[in-house]
file query-v2.pdb (PDB, C-alpha atoms)
ATOM      1  CA  MET A  20       0.000   0.000   0.000  1.00  0.00           C
ATOM      2  CA  LEU A  21       2.856   2.376   0.808  1.00  0.00           C
ATOM      3  CA  ASP A  22       4.538   1.906  -2.582  1.00  0.00           C
ATOM      4  CA  GLY A  23       2.269   4.485  -4.258  1.00  0.00           C
ATOM      5  CA  VAL A  24       2.470   7.148  -1.533  1.00  0.00           C
ATOM      6  CA  GLY A  25       5.315   9.092  -3.154  1.00  0.00           C
ATOM      7  CA  ALA A  26       3.495   9.510  -6.457  1.00  0.00           C
ATOM      8  CA  ARG A  27       0.283  10.538  -4.636  1.00  0.00           C
ATOM      9  CA  LEU A  28       2.217  13.110  -2.565  1.00  0.00           C
ATOM     10  CA  ARG A  29       3.799  14.612  -5.690  1.00  0.00           C
ATOM     11  CA  THR A  30       0.434  14.732  -7.517  1.00  0.00           C
ATOM     12  CA  LEU A  31      -1.306  16.404  -4.552  1.00  0.00           C
ATOM     13  CA  ARG A  32       1.469  18.983  -4.214  1.00  0.00           C
ATOM     14  CA  GLN A  33       1.504  19.778  -7.944  1.00  0.00           C
ATOM     15  CA  GLN A  34      -2.310  19.982  -8.136  1.00  0.00           C
ATOM     16  CA  GLY A  35      -2.225  22.484  -5.289  1.00  0.00           C
ATOM     17  CA  GLY A  36       0.476  24.516  -7.045  1.00  0.00           C
ATOM     18  CA  THR A  37       2.738  24.221  -3.993  1.00  0.00           C
ATOM     19  CA  THR A  38       6.536  24.087  -4.094  1.00  0.00           C
ATOM     20  CA  LEU A  39       8.607  21.765  -1.933  1.00  0.00           C
ATOM     21  CA  ALA A  40       9.851  24.815   0.008  1.00  0.00           C
ATOM     22  CA  GLU A  41       6.279  26.007   0.709  1.00  0.00           C
ATOM     23  CA  LEU A  42       5.218  22.516   1.795  1.00  0.00           C
ATOM     24  CA  SER A  43       8.307  22.289   4.017  1.00  0.00           C
ATOM     25  CA  ALA A  44       7.384  25.584   5.705  1.00  0.00           C
ATOM     26  CA  SER A  45       3.794  24.454   6.401  1.00  0.00           C
ATOM     27  CA  THR A  46       4.662  20.944   7.652  1.00  0.00           C
ATOM     28  CA  GLY A  47       8.041  21.368   9.338  1.00  0.00           C
ATOM     29  CA  ILE A  48       9.469  18.578   7.192  1.00  0.00           C
ATOM     30  CA  SER A  49      12.740  19.354   5.403  1.00  0.00           C
ATOM     31  CA  VAL A  50      12.767  19.868   1.618  1.00  0.00           C
ATOM     32  CA  SER A  51      15.206  16.971   1.167  1.00  0.00           C
ATOM     33  CA  THR A  52      12.941  14.592   3.150  1.00  0.00           C
ATOM     34  CA  LEU A  53       9.901  15.696   1.118  1.00  0.00           C
ATOM     35  CA  SER A  54      11.823  15.184  -2.121  1.00  0.00           C
ATOM     36  CA  ARG A  55      12.952  11.679  -1.049  1.00  0.00           C
ATOM     37  CA  LEU A  56       9.381  10.786  -0.007  1.00  0.00           C
ATOM     38  CA  GLU A  57       7.984  11.866  -3.396  1.00  0.00           C
ATOM     39  CA  SER A  58      10.675   9.955  -5.305  1.00  0.00           C
ATOM     40  CA  GLY A  59      10.165   6.806  -3.229  1.00  0.00           C
ATOM     41  CA  GLN A  60      13.699   6.931  -1.791  1.00  0.00           C
ATOM     42  CA  ARG A  61      12.357   7.368   1.762  1.00  0.00           C
ATOM     43  CA  ARG A  62       9.795   5.106   3.400  1.00  0.00           C
ATOM     44  CA  PRO A  63       6.813   7.105   4.696  1.00  0.00           C
ATOM     45  CA  THR A  64       6.124   6.996   8.425  1.00  0.00           C
ATOM     46  CA  LEU A  65       3.080   8.071  10.380  1.00  0.00           C
ATOM     47  CA  GLU A  66       5.039  11.049  11.793  1.00  0.00           C
ATOM     48  CA  LEU A  67       5.627  12.282   8.220  1.00  0.00           C
ATOM     49  CA  LEU A  68       2.229  11.377   6.743  1.00  0.00           C
ATOM     50  CA  LEU A  69       0.020  13.066   9.367  1.00  0.00           C
ATOM     51  CA  PRO A  70       1.278  16.627   8.735  1.00  0.00           C
ATOM     52  CA  LEU A  71       1.246  16.001   4.968  1.00  0.00           C
ATOM     53  CA  ALA A  72      -2.379  14.818   5.087  1.00  0.00           C
ATOM     54  CA  ARG A  73      -3.294  17.990   7.032  1.00  0.00           C
ATOM     55  CA  ALA A  74      -1.349  20.224   4.611  1.00  0.00           C
ATOM     56  CA  HIS A  75      -3.064  18.655   1.565  1.00  0.00           C
ATOM     57  CA  ALA A  76      -6.458  18.542   3.371  1.00  0.00           C
ATOM     58  CA  VAL A  77      -6.984  14.851   2.589  1.00  0.00           C
ATOM     59  CA  PRO A  78      -7.732  11.914   4.891  1.00  0.00           C
ATOM     60  CA  LEU A  79      -4.746   9.731   5.739  1.00  0.00           C
ATOM     61  CA  ASP A  80      -6.513   6.748   4.086  1.00  0.00           C
ATOM     62  CA  GLU A  81      -6.616   8.608   0.775  1.00  0.00           C
ATOM     63  CA  LEU A  82      -2.969   9.569   1.083  1.00  0.00           C
ATOM     64  CA  VAL A  83      -1.826   5.958   1.506  1.00  0.00           C
ATOM     65  CA  GLY A  84      -4.400   4.545  -0.935  1.00  0.00           C
ATOM     66  CA  ALA A  85      -6.152   2.374   1.662  1.00  0.00           C
ATOM     67  CA  PRO A  86      -9.411   0.760   0.531  1.00  0.00           C
ATOM     68  CA  SER A  87     -12.497   2.381   1.967  1.00  0.00           C
ATOM     69  CA  ALA A  88     -13.849   0.579   5.042  1.00  0.00           C
ATOM     70  CA  ALA A  89     -17.292   1.738   3.970  1.00  0.00           C
ATOM     71  CA  ASP A  90     -17.030  -0.098   0.648  1.00  0.00           C
ATOM     72  CA  PRO A  91     -19.794  -2.741   0.841  1.00  0.00           C
ATOM     73  CA  ARG A  92     -18.746  -4.619  -2.290  1.00  0.00           C
ATOM     74  CA  VAL A  93     -17.563  -8.204  -2.014  1.00  0.00           C
ATOM     75  CA  HIS A  94     -14.489  -9.124  -4.019  1.00  0.00           C
ATOM     76  CA  PRO A  95     -14.408 -12.917  -4.131  1.00  0.00           C
ATOM     77  CA  ARG A  96     -11.246 -14.500  -5.462  1.00  0.00           C
ATOM     78  CA  PRO A  97     -11.849 -16.517  -8.615  1.00  0.00           C
ATOM     79  CA  ILE A  98     -11.018 -20.213  -8.806  1.00  0.00           C
ATOM     80  CA  GLN A  99      -9.618 -21.607 -12.074  1.00  0.00           C
ATOM     81  CA  ARG A 100     -10.682 -25.197 -12.618  1.00  0.00           C
ATOM     82  CA  GLY A 101     -10.846 -27.334 -15.732  1.00  0.00           C
ATOM     83  CA  GLY A 102     -10.899 -24.462 -18.250  1.00  0.00           C
ATOM     84  CA  MET A 103     -13.496 -22.399 -16.365  1.00  0.00           C
ATOM     85  CA  THR A 104     -13.434 -19.595 -13.815  1.00  0.00           C
ATOM     86  CA  MET A 105     -15.660 -19.816 -10.751  1.00  0.00           C
ATOM     87  CA  TRP A 106     -16.400 -17.092  -8.203  1.00  0.00           C
ATOM     88  CA  PRO A 107     -17.616 -18.415  -4.834  1.00  0.00           C
ATOM     89  CA  LEU A 108     -20.722 -16.583  -3.651  1.00  0.00           C
ATOM     90  CA  THR A 109     -20.897 -18.314  -0.258  1.00  0.00           C
ATOM     91  CA  ARG A 110     -18.169 -18.452   2.338  1.00  0.00           C
ATOM     92  CA  ARG A 111     -19.286 -20.928   4.997  1.00  0.00           C
ATOM     93  CA  PRO A 112     -18.142 -24.543   4.976  1.00  0.00           C
ATOM     94  CA  GLY A 113     -20.762 -27.261   4.583  1.00  0.00           C
ATOM     95  CA  GLY A 114     -24.270 -26.779   3.301  1.00  0.00           C
ATOM     96  CA  VAL A 115     -25.208 -25.497  -0.111  1.00  0.00           C
ATOM     97  CA  GLN A 116     -22.413 -23.665  -1.941  1.00  0.00           C
ATOM     98  CA  ALA A 117     -23.167 -21.010  -4.586  1.00  0.00           C
ATOM     99  CA  TYR A 118     -20.875 -20.119  -7.508  1.00  0.00           C
ATOM    100  CA  ARG A 119     -20.921 -17.927 -10.574  1.00  0.00           C
ATOM    101  CA  ALA A 120     -19.080 -19.794 -13.329  1.00  0.00           C
ATOM    102  CA  LEU A 121     -17.723 -18.511 -16.638  1.00  0.00           C
ATOM    103  CA  ILE A 122     -16.747 -21.028 -19.305  1.00  0.00           C
ATOM    104  CA  PRO A 123     -14.908 -19.546 -22.315  1.00  0.00           C
ATOM    105  CA  PRO A 124     -15.729 -20.677 -25.886  1.00  0.00           C
ATOM    106  CA  HIS A 125     -14.752 -24.311 -26.239  1.00  0.00           C
ATOM    107  CA  GLY A 126     -13.722 -24.298 -22.554  1.00  0.00           C
ATOM    108  CA  ARG A 127     -13.659 -27.839 -21.150  1.00  0.00           C
ATOM    109  CA  ASP A 128     -14.440 -29.071 -24.688  1.00  0.00           C
ATOM    110  CA  GLY A 129     -11.508 -31.479 -25.004  1.00  0.00           C
ATOM    111  CA  ASP A 130     -12.036 -33.995 -22.193  1.00  0.00           C
ATOM    112  CA  ARG A 131     -15.709 -34.933 -21.981  1.00  0.00           C
ATOM    113  CA  GLU A 132     -15.237 -37.729 -19.469  1.00  0.00           C
ATOM    114  CA  GLN A 133     -18.317 -37.969 -17.266  1.00  0.00           C
ATOM    115  CA  LYS A 134     -17.571 -38.150 -13.551  1.00  0.00           C
ATOM    116  CA  SER A 135     -19.715 -38.747 -10.504  1.00  0.00           C
ATOM    117  CA  HIS A 136     -19.322 -37.667  -6.889  1.00  0.00           C
ATOM    118  CA  GLU A 137     -21.254 -37.041  -3.705  1.00  0.00           C
ATOM    119  CA  GLY A 138     -23.796 -34.211  -3.820  1.00  0.00           C
ATOM    120  CA  TYR A 139     -26.589 -32.515  -5.700  1.00  0.00           C
ATOM    121  CA  GLU A 140     -26.256 -29.730  -8.287  1.00  0.00           C
ATOM    122  CA  TRP A 141     -28.541 -26.996  -9.593  1.00  0.00           C
ATOM    123  CA  MET A 142     -27.452 -24.856 -12.583  1.00  0.00           C
ATOM    124  CA  TYR A 143     -29.091 -21.774 -14.097  1.00  0.00           C
ATOM    125  CA  VAL A 144     -27.755 -20.541 -17.452  1.00  0.00           C
ATOM    126  CA  LEU A 145     -27.346 -16.749 -17.376  1.00  0.00           C
ATOM    127  CA  SER A 146     -25.883 -16.368 -20.879  1.00  0.00           C
ATOM    128  CA  GLY A 147     -24.494 -18.497 -23.689  1.00  0.00           C
ATOM    129  CA  ARG A 148     -25.248 -22.163 -24.392  1.00  0.00           C
ATOM    130  CA  LEU A 149     -24.240 -24.842 -21.898  1.00  0.00           C
ATOM    131  CA  ARG A 150     -23.792 -28.441 -22.956  1.00  0.00           C
ATOM    132  CA  LEU A 151     -24.544 -31.026 -20.266  1.00  0.00           C
ATOM    133  CA  LEU A 152     -23.824 -34.728 -20.635  1.00  0.00           C
ATOM    134  CA  LEU A 153     -25.837 -36.412 -17.874  1.00  0.00           C
ATOM    135  CA  GLY A 154     -25.743 -40.185 -17.981  1.00  0.00           C
ATOM    136  CA  GLU A 155     -27.282 -41.104 -21.348  1.00  0.00           C
ATOM    137  CA  HIS A 156     -28.656 -37.583 -21.932  1.00  0.00           C
ATOM    138  CA  ASP A 157     -26.947 -34.937 -24.079  1.00  0.00           C
ATOM    139  CA  LEU A 158     -28.568 -31.577 -23.292  1.00  0.00           C
ATOM    140  CA  LEU A 159     -28.009 -28.098 -24.724  1.00  0.00           C
ATOM    141  CA  LEU A 160     -29.232 -25.459 -22.260  1.00  0.00           C
ATOM    142  CA  GLN A 161     -30.105 -21.894 -23.301  1.00  0.00           C
ATOM    143  CA  PRO A 162     -30.193 -18.703 -21.154  1.00  0.00           C
ATOM    144  CA  GLY A 163     -32.947 -18.911 -18.560  1.00  0.00           C
ATOM    145  CA  GLU A 164     -32.981 -22.716 -18.470  1.00  0.00           C
ATOM    146  CA  VAL A 165     -32.332 -24.635 -15.270  1.00  0.00           C
ATOM    147  CA  VAL A 166     -31.148 -28.163 -14.616  1.00  0.00           C
ATOM    148  CA  GLU A 167     -31.042 -30.038 -11.321  1.00  0.00           C
ATOM    149  CA  PHE A 168     -29.409 -33.434 -10.827  1.00  0.00           C
ATOM    150  CA  ASP A 169     -27.921 -35.900  -8.382  1.00  0.00           C
ATOM    151  CA  THR A 170     -24.140 -35.812  -8.892  1.00  0.00           C
ATOM    152  CA  HIS A 171     -23.953 -39.584  -8.369  1.00  0.00           C
ATOM    153  CA  VAL A 172     -25.178 -39.713 -11.992  1.00  0.00           C
ATOM    154  CA  PRO A 173     -22.089 -39.466 -14.251  1.00  0.00           C
ATOM    155  CA  HIS A 174     -21.978 -35.966 -15.758  1.00  0.00           C
ATOM    156  CA  TRP A 175     -19.898 -33.425 -17.677  1.00  0.00           C
ATOM    157  CA  PHE A 176     -20.704 -29.847 -18.648  1.00  0.00           C
ATOM    158  CA  GLY A 177     -18.940 -27.325 -20.821  1.00  0.00           C
ATOM    159  CA  ASN A 178     -19.144 -24.763 -23.569  1.00  0.00           C
ATOM    160  CA  THR A 179     -19.083 -25.981 -27.139  1.00  0.00           C
ATOM    161  CA  GLY A 180     -20.592 -22.775 -28.543  1.00  0.00           C
ATOM    162  CA  GLU A 181     -19.178 -19.584 -30.021  1.00  0.00           C
ATOM    163  CA  GLY A 182     -19.364 -17.220 -27.038  1.00  0.00           C
ATOM    164  CA  PRO A 183     -18.736 -17.584 -23.313  1.00  0.00           C
ATOM    165  CA  VAL A 184     -21.250 -19.320 -21.031  1.00  0.00           C
ATOM    166  CA  GLU A 185     -22.138 -17.815 -17.673  1.00  0.00           C
ATOM    167  CA  VAL A 186     -23.854 -20.070 -15.146  1.00  0.00           C
ATOM    168  CA  LEU A 187     -25.141 -19.734 -11.593  1.00  0.00           C
ATOM    169  CA  VAL A 188     -24.399 -22.989  -9.740  1.00  0.00           C
ATOM    170  CA  LEU A 189     -25.733 -24.229  -6.408  1.00  0.00           C
ATOM    171  CA  PHE A 190     -24.004 -27.331  -5.133  1.00  0.00           C
ATOM    172  CA  GLY A 191     -25.053 -29.356  -2.101  1.00  0.00           C
ATOM    173  CA  PRO A 192     -22.061 -31.522  -1.159  1.00  0.00           C
ATOM    174  CA  GLN A 193     -24.150 -33.730   1.145  1.00  0.00           C
ATOM    175  CA  GLY A 194     -27.021 -34.070  -1.313  1.00  0.00           C
ATOM    176  CA  GLU A 195     -28.997 -30.978  -0.254  1.00  0.00           C
ATOM    177  CA  ARG A 196     -31.586 -30.163  -2.886  1.00  0.00           C
ATOM    178  CA  MET A 197     -33.095 -26.982  -4.255  1.00  0.00           C
ATOM    179  CA  HIS A 198     -36.788 -26.859  -3.357  1.00  0.00           C
ATOM    180  CA  VAL A 199     -38.989 -25.081  -5.863  1.00  0.00           C
ATOM    181  CA  ARG A 200     -42.457 -24.196  -4.627  1.00  0.00           C
ATOM    182  CA  ALA A 201     -45.259 -23.525  -7.042  1.00  0.00           C
ATOM    183  CA  ARG A 202     -47.358 -20.456  -6.388  1.00  0.00           C
ATOM    184  CA  PRO A 203     -51.068 -21.230  -5.899  1.00  0.00           C
ATOM    185  CA  LYS A 204     -53.401 -19.994  -8.653  1.00  0.00           C
ATOM    186  CA  GLY A 205     -54.578 -16.441  -8.176  1.00  0.00           C
ATOM    187  CA  SER A 206     -51.577 -15.335  -6.110  1.00  0.00           C
TER     188      SER A 206
END
call {"tool": "encode", "arguments": {"input": "query-v2.pdb", "output": "structure tokens"}}
result
Amino acid sequence: MLDGVGARLRTLRQQGGTTLAELSASTGISVSTLSRLESGQRRPTLELLLPLARAHAVPLDELVGAPSAADPRVHPRPIQRGGMTMWPLTRRPGGVQAYRALIPPHGRDGDREQKSHEGYEWMYVLSGRLRLLLGEHDLLLQPGEVVEFDTHVPHWFGNTGEGPVEVLVLFGPQGERMHVRARPKGS
């Protein structure tokens, strides 16, 4: 985080039209120290950054480039597996796991070996065309289509189309199932 402080200090000083000598006079920090901070030759310390943040009228977090604590966005780390990228949407171990998966064109196309394992899977195609080999079935799923299956049944899925496929996946490792409830007529 501290690697970019020097460049930010220089930019703030230049935007304010302040010279190193003027900044030195207002902060009590020597011109040579300020110059070394801006060039990255001196490591910034809290004792140096506090007066500089006051002089530039910016919060210390902005000066050091710290991420905002008020930022509510989640930045899950993607997982690369078998030619596709998956973003975990749940964080707790056990129970149903949710993923957003992106399969590039012809991703996973080479090895179509069907495998089986413990669990239950639910997939919703967001975009593109998903090919699913499920036991004896060969299915081509379009956007908006959903499939649900016991993963003990040998299966393979991938993208054999032109564009990428984006899929929302719910996986129950202990066989948990998605329960769909029909709405009564007139509701």
call {"tool": "resolve_selection", "arguments": {"input": "query-v2.pdb", "expression": "the PyMOL selection byres ((chain A and resi 44-54) around 9)", "output": "ChimeraX atom specification"}}
result
/A:25,28-29,39-43,55-61,67,70-71,73-74
call {"tool": "resolve_selection", "arguments": {"input": "query-v2.pdb", "expression": "the PyMOL selection byres ((chain A and resi 103-108) around 7)", "output": "PDB file with C-alpha atoms, in the coordinates of the input"}}
result
ATOM      1  CA  PRO A  95     -14.408 -12.917  -4.131  1.00  0.00           C
ATOM      2  CA  ARG A  96     -11.246 -14.500  -5.462  1.00  0.00           C
ATOM      3  CA  PRO A  97     -11.849 -16.517  -8.615  1.00  0.00           C
ATOM      4  CA  ILE A  98     -11.018 -20.213  -8.806  1.00  0.00           C
ATOM      5  CA  GLN A  99      -9.618 -21.607 -12.074  1.00  0.00           C
ATOM      6  CA  ARG A 100     -10.682 -25.197 -12.618  1.00  0.00           C
ATOM      7  CA  GLY A 101     -10.846 -27.334 -15.732  1.00  0.00           C
ATOM      8  CA  GLY A 102     -10.899 -24.462 -18.250  1.00  0.00           C
ATOM      9  CA  THR A 109     -20.897 -18.314  -0.258  1.00  0.00           C
ATOM     10  CA  ARG A 110     -18.169 -18.452   2.338  1.00  0.00           C
ATOM     11  CA  ALA A 117     -23.167 -21.010  -4.586  1.00  0.00           C
ATOM     12  CA  TYR A 118     -20.875 -20.119  -7.508  1.00  0.00           C
ATOM     13  CA  ARG A 119     -20.921 -17.927 -10.574  1.00  0.00           C
ATOM     14  CA  ALA A 120     -19.080 -19.794 -13.329  1.00  0.00           C
ATOM     15  CA  LEU A 121     -17.723 -18.511 -16.638  1.00  0.00           C
ATOM     16  CA  ILE A 122     -16.747 -21.028 -19.305  1.00  0.00           C
ATOM     17  CA  PRO A 123     -14.908 -19.546 -22.315  1.00  0.00           C
ATOM     18  CA  GLY A 126     -13.722 -24.298 -22.554  1.00  0.00           C
TER      19      GLY A 126
END
call {"tool": "closest_atom_pairs", "arguments": {"input": "query-v2.pdb", "of": "stretch 90-160 of chain A", "to": "stretch 172-175 of chain A", "cutoff": "9 Å", "atoms": "all atoms listed in the file", "output": "tab-separated table"}}
result
residue	atom	partner	partner_atom	distance
A:Arg131	CA	A:Trp175	CA	6.2
A:Glu132	CA	A:Trp175	CA	6.6
A:Gln133	CA	A:His174	CA	4.4
A:Lys134	CA	A:Pro173	CA	4.8
A:Ser135	CA	A:Pro173	CA	4.5
A:His136	CA	A:Val172	CA	8.0
A:Arg150	CA	A:Trp175	CA	8.2
A:Leu151	CA	A:Trp175	CA	5.8
A:Leu152	CA	A:Trp175	CA	5.1
A:Leu153	CA	A:His174	CA	4.4
A:Gly154	CA	A:Pro173	CA	5.3
A:Glu155	CA	A:Pro173	CA	8.9
call {"tool": "closest_residue", "arguments": {"input": "query-v2.pdb", "among": "A:Val165, A:Pro124, A:Tyr139, A:Val144", "to": "A:Glu181", "atoms": "all atoms listed in the file"}}
result
A:Pro124
call {"tool": "atom_distance", "arguments": {"input": "query-v2.pdb", "atom1": "atom CA of A:Gly138", "atom2": "atom CA of A:Gly182"}}
result
29.1 Å
call {"tool": "resolve_selection", "arguments": {"input": "query-v2.pdb", "expression": "the PyMOL selection byres ((chain A and resi 188) around 7)", "output": "list in words"}}
result
Ala117, Tyr118, Arg119, Trp141, Met142, Tyr143, Val186, Leu187, Leu189 and Phe190 of chain A
call {"tool": "atom_distance", "arguments": {"input": "query-v2.pdb", "atom1": "atom CA of A:Phe168", "atom2": "atom CA of A:Glu140"}}
result
5.5 Å
call {"tool": "atom_distance", "arguments": {"input": "query-v2.pdb", "atom1": "atom CA of A:His125", "atom2": "atom CA of A:Leu145"}}
result
17.2 Å
call {"tool": "closest_residue", "arguments": {"input": "query-v2.pdb", "among": "A:Glu167, A:Ser146, A:Leu79, A:Pro192", "to": "A:Gly180", "atoms": "all atoms listed in the file"}}
result
A:Ser146
call {"tool": "closest_residue", "arguments": {"input": "query-v2.pdb", "among": "A:Ala26, A:Arg32, A:Phe176, A:Val83", "to": "A:His156", "atoms": "only C-alpha atoms"}}
result
A:Phe176
call {"tool": "closest_residue", "arguments": {"input": "query-v2.pdb", "among": "A:Glu185, A:Gly113, A:Thr179, A:Gly23", "to": "A:Leu158", "atoms": "all atoms listed in the file"}}
result
A:Thr179
call {"tool": "closest_residue", "arguments": {"input": "query-v2.pdb", "among": "A:Asp157, A:Glu137, A:Glu81, A:Asp130", "to": "A:Gly191", "atoms": "all atoms listed in the file"}}
result
A:Glu137
call {"tool": "build_atoms", "arguments": {"input": "query-v2.pdb", "residues": "stretch 144-162 of chain A", "atoms": "N, CA and C atoms", "output": "PDB file, in the coordinates of the input"}}
result
ATOM      1  N   VAL A 144     -28.564 -21.157 -16.391  1.00  0.00           N
ATOM      2  CA  VAL A 144     -27.755 -20.541 -17.452  1.00  0.00           C
ATOM      3  C   VAL A 144     -28.125 -19.054 -17.555  1.00  0.00           C
ATOM      4  N   LEU A 145     -27.144 -18.201 -17.291  1.00  0.00           N
ATOM      5  CA  LEU A 145     -27.346 -16.749 -17.376  1.00  0.00           C
ATOM      6  C   LEU A 145     -27.169 -16.254 -18.808  1.00  0.00           C
ATOM      7  N   SER A 146     -26.120 -16.764 -19.485  1.00  0.00           N
ATOM      8  CA  SER A 146     -25.883 -16.368 -20.879  1.00  0.00           C
ATOM      9  C   SER A 146     -25.085 -17.460 -21.575  1.00  0.00           C
ATOM     10  N   GLY A 147     -25.196 -17.499 -22.889  1.00  0.00           N
ATOM     11  CA  GLY A 147     -24.494 -18.497 -23.689  1.00  0.00           C
ATOM     12  C   GLY A 147     -25.274 -19.806 -23.748  1.00  0.00           C
ATOM     13  N   ARG A 148     -24.618 -20.838 -24.265  1.00  0.00           N
ATOM     14  CA  ARG A 148     -25.248 -22.163 -24.392  1.00  0.00           C
ATOM     15  C   ARG A 148     -24.375 -23.186 -23.670  1.00  0.00           C
ATOM     16  N   LEU A 149     -24.954 -23.865 -22.707  1.00  0.00           N
ATOM     17  CA  LEU A 149     -24.240 -24.842 -21.898  1.00  0.00           C
ATOM     18  C   LEU A 149     -24.583 -26.246 -22.365  1.00  0.00           C
ATOM     19  N   ARG A 150     -23.569 -27.038 -22.597  1.00  0.00           N
ATOM     20  CA  ARG A 150     -23.792 -28.441 -22.956  1.00  0.00           C
ATOM     21  C   ARG A 150     -23.602 -29.279 -21.696  1.00  0.00           C
ATOM     22  N   LEU A 151     -24.583 -30.155 -21.426  1.00  0.00           N
ATOM     23  CA  LEU A 151     -24.544 -31.026 -20.266  1.00  0.00           C
ATOM     24  C   LEU A 151     -24.715 -32.466 -20.717  1.00  0.00           C
ATOM     25  N   LEU A 152     -23.714 -33.287 -20.432  1.00  0.00           N
ATOM     26  CA  LEU A 152     -23.824 -34.728 -20.635  1.00  0.00           C
ATOM     27  C   LEU A 152     -24.168 -35.289 -19.260  1.00  0.00           C
ATOM     28  N   LEU A 153     -25.335 -35.908 -19.152  1.00  0.00           N
ATOM     29  CA  LEU A 153     -25.837 -36.412 -17.874  1.00  0.00           C
ATOM     30  C   LEU A 153     -26.299 -37.847 -18.079  1.00  0.00           C
ATOM     31  N   GLY A 154     -25.436 -38.786 -17.713  1.00  0.00           N
ATOM     32  CA  GLY A 154     -25.743 -40.185 -17.981  1.00  0.00           C
ATOM     33  C   GLY A 154     -25.876 -40.393 -19.478  1.00  0.00           C
ATOM     34  N   GLU A 155     -27.033 -40.864 -19.920  1.00  0.00           N
ATOM     35  CA  GLU A 155     -27.282 -41.104 -21.348  1.00  0.00           C
ATOM     36  C   GLU A 155     -27.783 -39.862 -22.074  1.00  0.00           C
ATOM     37  N   HIS A 156     -28.072 -38.791 -21.343  1.00  0.00           N
ATOM     38  CA  HIS A 156     -28.656 -37.583 -21.932  1.00  0.00           C
ATOM     39  C   HIS A 156     -27.572 -36.612 -22.396  1.00  0.00           C
ATOM     40  N   ASP A 157     -27.811 -35.981 -23.535  1.00  0.00           N
ATOM     41  CA  ASP A 157     -26.947 -34.937 -24.079  1.00  0.00           C
ATOM     42  C   ASP A 157     -27.838 -33.712 -24.237  1.00  0.00           C
ATOM     43  N   LEU A 158     -27.677 -32.730 -23.330  1.00  0.00           N
ATOM     44  CA  LEU A 158     -28.568 -31.577 -23.292  1.00  0.00           C
ATOM     45  C   LEU A 158     -27.839 -30.304 -23.688  1.00  0.00           C
ATOM     46  N   LEU A 159     -28.523 -29.420 -24.404  1.00  0.00           N
ATOM     47  CA  LEU A 159     -28.009 -28.098 -24.724  1.00  0.00           C
ATOM     48  C   LEU A 159     -28.937 -27.101 -24.044  1.00  0.00           C
ATOM     49  N   LEU A 160     -28.430 -26.384 -23.054  1.00  0.00           N
ATOM     50  CA  LEU A 160     -29.232 -25.459 -22.260  1.00  0.00           C
ATOM     51  C   LEU A 160     -29.023 -24.020 -22.719  1.00  0.00           C
ATOM     52  N   GLN A 161     -30.106 -23.285 -22.847  1.00  0.00           N
ATOM     53  CA  GLN A 161     -30.105 -21.894 -23.301  1.00  0.00           C
ATOM     54  C   GLN A 161     -30.228 -20.959 -22.088  1.00  0.00           C
ATOM     55  N   PRO A 162     -30.003 -19.643 -22.255  1.00  0.00           N
ATOM     56  CA  PRO A 162     -30.193 -18.703 -21.154  1.00  0.00           C
ATOM     57  C   PRO A 162     -31.598 -18.813 -20.574  1.00  0.00           C
TER      58      PRO A 162
END
